[in-house]
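> Sharing run_27.txt, compact mmCIF, C-alpha atoms:
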```
# COMPACT_ATOMS: atom_id res chain seq x y z
CA MET A 935 -33.51 -23.79 2.76
CA ALA A 936 -32.34 -27.41 3.00
CA ASP A 937 -30.03 -26.79 0.05
CA THR A 938 -28.56 -23.72 1.78
CA ASP A 939 -28.00 -25.78 4.93
CA ARG A 940 -26.29 -28.53 2.93
CA ALA A 941 -24.01 -25.96 1.26
CA LEU A 942 -23.19 -24.43 4.65
CA ASN A 943 -22.43 -27.86 6.10
CA LEU A 944 -20.05 -28.63 3.24
CA ARG A 945 -18.44 -25.20 3.70
CA VAL A 946 -17.89 -25.92 7.41
CA TRP A 947 -16.61 -29.46 6.73
CA SER A 948 -14.15 -28.32 4.05
CA LEU A 949 -12.86 -25.36 6.09
CA SER A 950 -12.44 -27.34 9.31
CA THR A 951 -10.68 -30.25 7.61
CA PHE A 952 -8.47 -27.83 5.65
CA ARG A 953 -7.48 -26.08 8.90
CA THR A 954 -6.79 -29.31 10.82
CA ALA A 955 -4.90 -31.10 8.05
CA THR A 956 -2.82 -28.06 7.01
CA PHE A 957 -2.00 -27.22 10.63
CA VAL A 958 -0.74 -30.75 11.32
CA ILE A 959 1.32 -30.88 8.09
CA VAL A 960 2.87 -27.45 8.77
CA ILE A 961 3.81 -28.51 12.32
CA ALA A 962 5.32 -31.77 10.98
CA ALA A 963 7.19 -29.88 8.22
CA ALA A 964 8.56 -27.33 10.73
CA ALA A 965 9.73 -30.15 13.04
CA HIS A 966 11.28 -31.96 10.08
CA LEU A 967 13.19 -28.86 8.95
CA ARG A 968 14.57 -28.49 12.50
CA ASP A 969 15.45 -32.22 12.54
CA SER A 970 13.21 -32.71 15.56
CA LEU A 971 10.48 -34.77 13.87
CA LYS A 972 11.96 -38.12 14.96
CA PRO A 973 12.11 -37.27 18.71
CA ALA A 974 8.72 -35.49 18.55
CA LEU A 975 6.97 -38.48 16.99
CA GLY A 976 8.84 -40.82 19.33
CA LEU A 977 7.00 -39.22 22.29
CA LEU A 978 3.63 -40.35 20.97
CA ASP A 979 2.29 -43.78 20.22
CA THR A 980 0.14 -44.30 17.14
CA ARG A 981 -3.17 -44.66 18.98
CA ILE A 982 -2.63 -41.47 21.02
CA GLY A 983 -1.47 -39.60 17.90
CA VAL A 984 -4.55 -40.67 15.93
CA ALA A 985 -6.87 -39.88 18.87
CA ALA A 986 -5.26 -36.42 19.29
CA PHE A 987 -5.75 -35.72 15.56
CA MET A 988 -9.41 -36.81 15.71
CA LEU A 989 -10.03 -34.62 18.76
CA LEU A 990 -8.38 -31.62 17.10
CA TRP A 991 -10.47 -32.28 13.97
CA ALA A 992 -13.70 -32.48 15.99
CA LEU A 993 -12.84 -29.34 17.98
CA THR A 994 -11.94 -27.40 14.83
CA TRP A 995 -15.18 -28.53 13.16
CA TYR A 996 -17.21 -27.38 16.17
CA VAL A 997 -15.49 -23.97 16.38
CA THR A 998 -15.67 -23.44 12.60
CA ARG A 999 -19.36 -24.39 12.58
CA ALA A 1000 -20.12 -22.00 15.42
CA SER A 1001 -18.24 -19.12 13.76
CA VAL A 1002 -19.76 -19.66 10.29
CA ARG A 1003 -23.31 -20.13 11.65
CA ARG A 1004 -22.93 -17.06 13.86
CA TRP A 1005 -22.26 -15.08 10.70
CA GLY A 1006 -25.88 -15.79 9.69
CA ALA A 1007 -25.74 -14.61 6.08
CA PRO A 1008 -24.25 -16.90 3.38
CA PHE A 1009 -20.49 -17.15 3.88
CA GLU A 1010 -19.94 -16.02 0.27
CA SER A 1011 -21.58 -12.67 0.97
CA ALA A 1012 -19.07 -11.75 3.71
CA SER A 1013 -16.38 -9.22 2.80
CA PRO A 1014 -12.73 -10.40 2.91
CA ALA A 1015 -12.23 -8.41 6.15
CA GLN A 1016 -15.23 -10.11 7.77
CA GLN A 1017 -14.07 -13.55 6.59
CA PHE A 1018 -10.58 -12.81 7.94
CA MET A 1019 -11.89 -11.76 11.37
CA THR A 1020 -14.10 -14.87 11.54
CA VAL A 1021 -11.03 -17.07 11.02
CA VAL A 1022 -8.92 -15.13 13.56
CA VAL A 1023 -11.59 -15.36 16.28
CA ALA A 1024 -12.22 -19.04 15.47
CA GLY A 1025 -8.45 -19.61 15.80
CA GLY A 1026 -8.52 -18.02 19.26
CA PHE A 1027 -11.38 -20.22 20.44
CA ASN A 1028 -9.67 -23.27 18.91
CA GLY A 1029 -6.48 -22.48 20.85
CA ALA A 1030 -8.41 -22.07 24.11
CA ALA A 1031 -10.33 -25.30 23.47
CA VAL A 1032 -7.10 -27.22 22.87
CA TYR A 1033 -5.71 -25.83 26.15
CA LEU A 1034 -8.86 -26.86 28.05
CA LEU A 1035 -8.68 -30.30 26.51
CA ILE A 1036 -5.06 -30.80 27.61
CA VAL A 1037 -5.81 -29.57 31.17
CA SER A 1038 -8.95 -31.73 31.37
CA GLU A 1039 -7.00 -34.78 30.24
CA ARG A 1040 -4.34 -34.17 32.94
CA LEU A 1041 -7.02 -33.68 35.61
CA PHE A 1042 -8.96 -36.73 34.43
CA GLU A 1043 -5.77 -38.77 34.63
CA ALA A 1044 -4.73 -37.52 38.08
CA LEU A 1045 -7.98 -37.21 40.02
CA PRO A 1046 -9.21 -40.84 40.25
CA ASP A 1047 -5.87 -42.01 41.70
CA HIS A 1048 -5.67 -39.00 44.04
CA ALA A 1049 -2.33 -38.29 42.37
CA MET A 1050 -3.09 -34.56 42.60
CA SER A 1051 -3.69 -32.80 45.90
CA LEU A 1052 -6.23 -30.02 46.37
CA ASP A 1053 -3.30 -27.57 46.32
CA GLY A 1054 -2.16 -29.02 43.02
CA LEU A 1055 -5.67 -28.70 41.62
CA MET A 1056 -5.88 -25.05 42.73
CA ARG A 1057 -2.50 -24.39 41.12
CA VAL A 1058 -3.74 -25.83 37.82
CA LEU A 1059 -6.88 -23.69 37.98
CA ALA A 1060 -4.84 -20.57 38.88
CA LEU A 1061 -2.44 -21.31 36.04
CA SER A 1062 -5.43 -21.52 33.70
CA LEU A 1063 -6.18 -17.85 34.41
CA PHE A 1064 -3.04 -17.14 32.38
CA GLY A 1065 -3.08 -20.29 30.28
CA LEU A 1066 -6.47 -19.63 28.72
CA PRO A 1067 -5.76 -16.08 27.46
CA VAL A 1068 -2.28 -17.14 26.29
CA SER A 1069 -3.67 -20.13 24.36
CA PHE A 1070 -6.43 -17.90 22.98
CA SER A 1071 -3.78 -15.42 21.75
CA VAL A 1072 -1.62 -18.18 20.24
CA GLY A 1073 -4.73 -19.52 18.49
CA MET A 1074 -5.45 -16.04 17.14
CA VAL A 1075 -1.91 -15.77 15.73
CA VAL A 1076 -2.42 -19.12 13.97
CA GLY A 1077 -5.82 -17.77 12.90
CA VAL A 1078 -4.15 -14.72 11.29
CA ALA A 1079 -1.98 -16.99 9.13
CA PHE A 1080 -4.95 -19.16 8.17
CA GLY A 1081 -7.16 -16.11 7.67
CA LEU A 1082 -4.76 -14.63 5.10
CA PHE A 1083 -4.55 -17.94 3.22
CA GLU A 1084 -8.29 -18.61 3.28
CA VAL A 1085 -9.26 -15.08 2.22
CA LEU A 1086 -6.85 -15.42 -0.71
CA ILE A 1087 -8.25 -18.83 -1.72
CA VAL A 1088 -11.90 -17.81 -1.30
CA GLY A 1089 -11.10 -14.59 -3.24
CA VAL A 1090 -9.74 -16.63 -6.17
CA GLY A 1091 -12.86 -18.85 -5.91
CA SER A 1092 -15.05 -15.77 -6.08
CA MET A 1093 -13.19 -14.48 -9.15
CA LEU A 1094 -13.52 -17.84 -10.90
CA PHE A 1095 -17.23 -17.95 -10.05
CA ASP A 1096 -17.76 -14.43 -11.43
CA ARG A 1097 -16.07 -15.45 -14.68
CA ILE A 1098 -18.43 -18.42 -14.93
CA VAL A 1099 -21.58 -16.54 -13.94
CA ALA A 1100 -21.24 -13.36 -16.00
CA PRO A 1101 -21.37 -14.99 -19.48
CA ALA A 1102 -24.10 -17.42 -18.30
CA GLN A 1103 -26.25 -14.51 -17.14
CA ASP A 1104 -25.61 -12.70 -20.43
CA ASP A 1105 -26.72 -15.84 -22.31
CA ALA A 1106 -29.87 -16.08 -20.17
CA ALA A 1107 -30.67 -12.39 -20.75
CA LEU A 1108 -30.18 -12.81 -24.51
CA SER A 1109 -32.40 -15.88 -24.55
CA ASN A 1110 -35.11 -14.05 -22.56
CA ALA A 1111 -34.93 -11.08 -24.93
CA SER A 1112 -35.28 -13.29 -28.02
CA THR A 1113 -38.27 -15.15 -26.50
CA SER A 1114 -40.09 -11.92 -25.64
CA GLU A 1115 -39.61 -10.69 -29.19
CA MET B 1141 4.31 -42.79 17.27
CA ASN B 1142 5.84 -46.14 17.97
CA GLY B 1143 5.37 -46.85 21.64
CA ALA B 1144 2.27 -48.73 22.73
CA LEU B 1145 1.60 -51.25 20.00
CA THR B 1146 5.10 -52.62 19.78
CA THR B 1147 6.45 -56.14 19.98
CA ALA B 1148 7.55 -57.03 23.48
CA GLY B 1149 11.00 -55.89 24.49
CA ASP B 1150 11.97 -53.88 21.43
CA HIS B 1151 10.80 -50.60 19.94
CA LEU B 1152 9.73 -51.85 16.55
CA PRO B 1153 6.10 -51.37 15.55
CA SER B 1154 4.02 -54.50 15.14
CA PHE B 1155 3.60 -55.67 11.57
CA GLU B 1156 -0.21 -55.43 11.83
CA LEU B 1157 -0.08 -51.78 12.90
CA TRP B 1158 2.49 -50.87 10.26
CA PHE B 1159 0.45 -52.69 7.60
CA ALA B 1160 -2.87 -51.09 8.69
CA VAL B 1161 -1.42 -47.56 8.67
CA ARG B 1162 0.27 -47.99 5.29
CA TYR B 1163 -2.75 -49.74 3.76
CA LEU B 1164 -5.13 -46.99 4.89
CA HIS B 1165 -2.73 -44.28 3.64
CA VAL B 1166 -2.31 -45.81 0.18
CA ALA B 1167 -5.99 -46.79 -0.14
CA SER B 1168 -7.22 -43.32 0.82
CA VAL B 1169 -4.86 -41.62 -1.66
CA ALA B 1170 -5.96 -44.07 -4.38
CA LEU B 1171 -9.60 -43.27 -3.65
CA LEU B 1172 -8.98 -39.51 -3.86
CA VAL B 1173 -6.87 -39.64 -7.05
CA GLY B 1174 -9.24 -42.09 -8.75
CA GLY B 1175 -12.23 -40.03 -7.66
CA ALA B 1176 -10.71 -36.78 -8.98
CA LEU B 1177 -9.90 -38.48 -12.30
CA VAL B 1178 -13.49 -39.75 -12.63
CA MET B 1179 -14.84 -36.30 -11.72
CA CYS B 1180 -12.60 -34.67 -14.35
CA GLY B 1181 -13.89 -37.09 -16.98
CA LEU B 1182 -17.53 -36.65 -15.94
CA CYS B 1183 -17.26 -32.85 -16.10
CA LEU B 1184 -15.89 -33.09 -19.65
CA VAL B 1185 -18.42 -35.71 -20.80
CA LEU B 1186 -21.38 -33.86 -19.30
CA ALA B 1187 -20.15 -30.40 -20.36
CA GLY B 1188 -22.88 -30.19 -23.00
CA ASP B 1189 -25.65 -31.38 -20.68
CA THR B 1190 -26.65 -28.04 -19.20
CA GLU B 1191 -30.12 -29.11 -18.06
CA SER B 1192 -29.23 -31.92 -15.67
CA SER B 1193 -28.38 -31.36 -12.01
CA VAL B 1194 -26.71 -34.77 -11.74
CA LEU B 1195 -23.20 -33.34 -12.06
CA SER B 1196 -23.84 -30.78 -9.35
CA ARG B 1197 -24.95 -33.55 -6.98
CA ILE B 1198 -21.99 -35.78 -7.86
CA THR B 1199 -19.43 -32.99 -7.42
CA THR B 1200 -20.93 -32.15 -4.01
CA LEU B 1201 -20.75 -35.82 -3.02
CA TYR B 1202 -17.09 -36.00 -4.09
CA GLU B 1203 -16.27 -32.89 -2.06
CA TRP B 1204 -17.80 -34.50 1.05
CA LEU B 1205 -15.84 -37.67 0.35
CA PHE B 1206 -12.62 -35.74 -0.32
CA TRP B 1207 -12.66 -33.78 2.95
CA SER B 1208 -13.53 -36.90 4.95
CA VAL B 1209 -10.85 -39.08 3.38
CA ILE B 1210 -8.07 -36.44 3.27
CA GLY B 1211 -8.18 -36.35 7.08
CA VAL B 1212 -7.49 -40.10 7.12
CA THR B 1213 -4.71 -39.61 4.54
CA VAL B 1214 -2.98 -36.96 6.65
CA VAL B 1215 -3.23 -38.78 9.98
CA THR B 1216 -2.00 -42.07 8.49
CA GLY B 1217 0.77 -40.19 6.63
CA ILE B 1218 2.09 -38.68 9.87
CA SER B 1219 1.64 -42.04 11.67
CA ASN B 1220 3.59 -43.68 8.88
CA LEU B 1221 6.46 -41.23 9.48
CA GLY B 1222 6.32 -42.04 13.20
CA LEU B 1223 6.43 -45.77 12.51
CA LYS B 1224 9.57 -45.27 10.41
CA GLY B 1225 11.47 -44.47 13.62
CA GLU B 1226 15.18 -44.58 12.82
CA GLY B 1227 14.36 -44.52 9.11
CA LEU B 1228 13.63 -40.77 9.30
CA MET B 1229 16.58 -38.97 7.72
CA PRO B 1230 17.77 -35.40 8.45
CA ALA B 1231 16.18 -32.55 6.47
CA ALA B 1232 19.47 -31.82 4.67
CA SER B 1233 19.74 -35.37 3.21
CA SER B 1234 18.23 -36.16 -0.19
CA TRP B 1235 15.51 -38.21 1.56
CA GLY B 1236 14.83 -35.26 3.88
CA ARG B 1237 14.60 -32.83 0.97
CA ALA B 1238 12.17 -35.17 -0.80
CA LEU B 1239 10.02 -35.30 2.35
CA THR B 1240 10.00 -31.48 2.48
CA VAL B 1241 8.85 -31.41 -1.16
CA LYS B 1242 6.15 -34.00 -0.42
CA LEU B 1243 4.80 -32.06 2.58
CA SER B 1244 4.81 -28.80 0.57
CA LEU B 1245 2.95 -30.50 -2.29
CA ALA B 1246 0.42 -31.90 0.21
CA ILE B 1247 -0.29 -28.35 1.44
CA LEU B 1248 -0.71 -27.25 -2.20
CA VAL B 1249 -3.22 -30.10 -2.75
CA LEU B 1250 -5.20 -28.89 0.27
CA CYS B 1251 -5.21 -25.26 -0.94
CA LEU B 1252 -6.36 -26.33 -4.40
CA ALA B 1253 -9.05 -28.54 -2.85
CA LEU B 1254 -10.37 -25.64 -0.77
CA LEU B 1255 -10.57 -23.50 -3.91
CA ARG B 1256 -12.34 -26.33 -5.78
CA SER B 1257 -14.85 -26.85 -2.96
CA ASP B 1258 -15.51 -23.12 -2.84
CA VAL B 1259 -16.35 -23.07 -6.56
CA VAL B 1260 -18.54 -26.21 -6.23
CA ILE B 1261 -20.47 -24.68 -3.30
CA ARG B 1262 -20.98 -21.36 -5.14
CA LEU B 1263 -22.13 -23.14 -8.31
CA ARG B 1264 -24.57 -25.30 -6.38
CA GLY B 1265 -26.04 -22.19 -4.81
CA ALA B 1266 -26.38 -20.40 -8.15
CA ALA B 1267 -28.59 -21.24 -11.12
CA VAL B 1268 -25.65 -21.57 -13.53
CA GLY B 1269 -24.36 -24.84 -12.08
CA GLY B 1270 -24.92 -26.80 -15.26
CA SER B 1271 -23.41 -24.38 -17.78
CA ALA B 1272 -20.75 -25.71 -20.15
CA ARG B 1273 -18.32 -23.06 -18.92
CA ALA B 1274 -18.86 -24.11 -15.30
CA ASN B 1275 -18.24 -27.76 -16.19
CA HIS B 1276 -15.01 -26.86 -18.01
CA VAL B 1277 -13.75 -24.88 -15.01
CA LEU B 1278 -14.59 -27.81 -12.72
CA ALA B 1279 -12.87 -30.25 -15.10
CA SER B 1280 -9.72 -28.08 -14.97
CA LEU B 1281 -9.81 -27.98 -11.16
CA TYR B 1282 -10.26 -31.76 -10.90
CA GLY B 1283 -7.54 -32.27 -13.52
CA ALA B 1284 -5.13 -30.06 -11.55
CA THR B 1285 -6.00 -32.08 -8.43
CA VAL B 1286 -5.07 -35.31 -10.22
CA VAL B 1287 -1.75 -33.87 -11.48
CA LEU B 1288 -0.77 -32.55 -8.03
CA PHE B 1289 -1.80 -35.79 -6.34
CA LEU B 1290 0.25 -37.83 -8.81
CA ALA B 1291 3.27 -35.62 -8.02
CA VAL B 1292 2.78 -36.30 -4.28
CA LEU B 1293 2.35 -40.00 -5.04
CA TRP B 1294 5.56 -40.08 -7.12
CA VAL B 1295 7.63 -38.46 -4.35
CA GLY B 1296 5.91 -40.66 -1.72
CA LEU B 1297 6.74 -43.85 -3.62
CA GLY B 1298 10.35 -42.69 -3.87
CA LEU B 1299 10.48 -42.07 -0.12
CA ALA B 1300 8.96 -45.46 0.66
CA HIS B 1301 11.07 -47.51 -1.75
CA GLY B 1302 14.51 -45.92 -1.32
CA ARG B 1303 14.77 -43.83 -4.47
CA TYR B 1304 16.29 -40.92 -2.49
```
Kindly transcribe the structure held in the file into structure tokens.

Amino acid sequence: MADTDRALNLRVWSLSTFRTATFVIVIAAAAHLRDSLKPALGLLDTRIGVAAFMLLWALTWYVTRASVRRWGAPFESASPAQQFMTVVVAGGFNGAAVYLLIVSERLFEALPDHAMSLDGLMRVLALSLFGLPVSFSVGMVVGVAFGLFEVLIVGVGSMLFDRIVAPAQDDAALSNASTSE
Amino acid sequence: MNGALTTAGDHLPSFELWFAVRYLHVASVALLVGGALVMCGLCLVLAGDTESSVLSRITTLYEWLFWSVIGVTVVTGISNLGLKGEGLMPAASSWGRALTVKLSLAILVLCLALLRSDVVIRLRGAAVGGSARANHVLASLYGATVVLFLAVLWVGLGLAHGRY
């Protein structure tokens, strides 16, 4: 049981870090190809950039953990379609969580100084009625891309594993047969 | 990424920040490449030792280390680009093309690592973790990781030291 938990934890850790790191590199590569990387990075300072990455990492880990644990059975036993849907839904929740984080940060920044009126606060909350579903949908679109990639990679992993296991099981069966004789 | 920790009055990053980001980036890559090389060697050396579960435990440990350190590598890599400021060249320049290649190779490293972790997790869950065939497959995956990482490192060194 403990071994299964450890395997599941490593699965969650590898998937969440893969998603965070690949997402950030793809965004940076897209900005670079459009020659907008310099102005985009110029808007952030290093500490905020690192903190934003860590928060995204933590959020992605939490959402990935929730989606993989919700599956219940070992991740390996899920069909490609089930794995794909898990990633798409996790992407949606990740998108919504990022949106909530950004809104919370703005509110946290504005409220202590009374920089935002009650009207302003209501506007932000009203906007969130649209913002949340939109960010959820954007997250799901990102999830579709990641889902396709991950299903492909896990599929290759499964094939490799089958090639390792089949001969080993044959060897074990042969050895059992010879002992019983 | 070059605003807050700058020297007063100009927009250059402080030397300490630049040094810390670069040091962490290079040290984390060195740890991952060195670790993958050691893992490749261990898988080959212990290929005949089918009884021991030591290799299974070490590969799992490396996978934990890999996914923890690669996050640091990526965030310091992007920070390093931010600290370059005016040194960032357009995508169409030779430097820009080399950066595109480096980022693409980094994504390939991550895909290969996810595949490798998947195989390690499956083998740990199954009873065939110590078979010679399993160890050879793992050695190939760690070897491929080293080769891809060295390619990223080669392009990265060129970007940092003006080869492009």
> Return as a PyMOL selection string the residues belonging to chain A that are within 7 Å of chain B, counting all atoms listed in the file.
chain A and resi 941+944+947-948+951-952+955-956+959+963+966-967+969+972+975-980+983-984+987+1087-1088+1091+1095+1098-1099+1102
> Please indicate the distance in Å from atom CA of Asn1028 of chain A to atom CA of Leu1045 of chain A, rounded to one decimal place.
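Atom-to-atom, atom CA of Asn1028 of chain A and atom CA of Leu1045 of chain A are spaced 25.4 Å apart.
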> Using all atoms listed in the file for the distances, tell me which of B:Val1166, B:Leu1171, B:Val1194, B:Ala1279 is nearest to Gly1296 of chain B.
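Among the listed residues, B:Val1166 lies closest to Gly1296 of chain B.
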> Record the distance separating atom CA of Met1179 of chain B and atom CA of Arg1197 of chain B, expressed in Å with one decimal.
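Going from atom CA of Met1179 of chain B over to atom CA of Arg1197 of chain B covers 11.5 Å.
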> Interatomic distance between atom CA of Ala1031 of chain A and atom CA of Arg968 of chain A?
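Between these atoms lies a distance of 27.4 Å.
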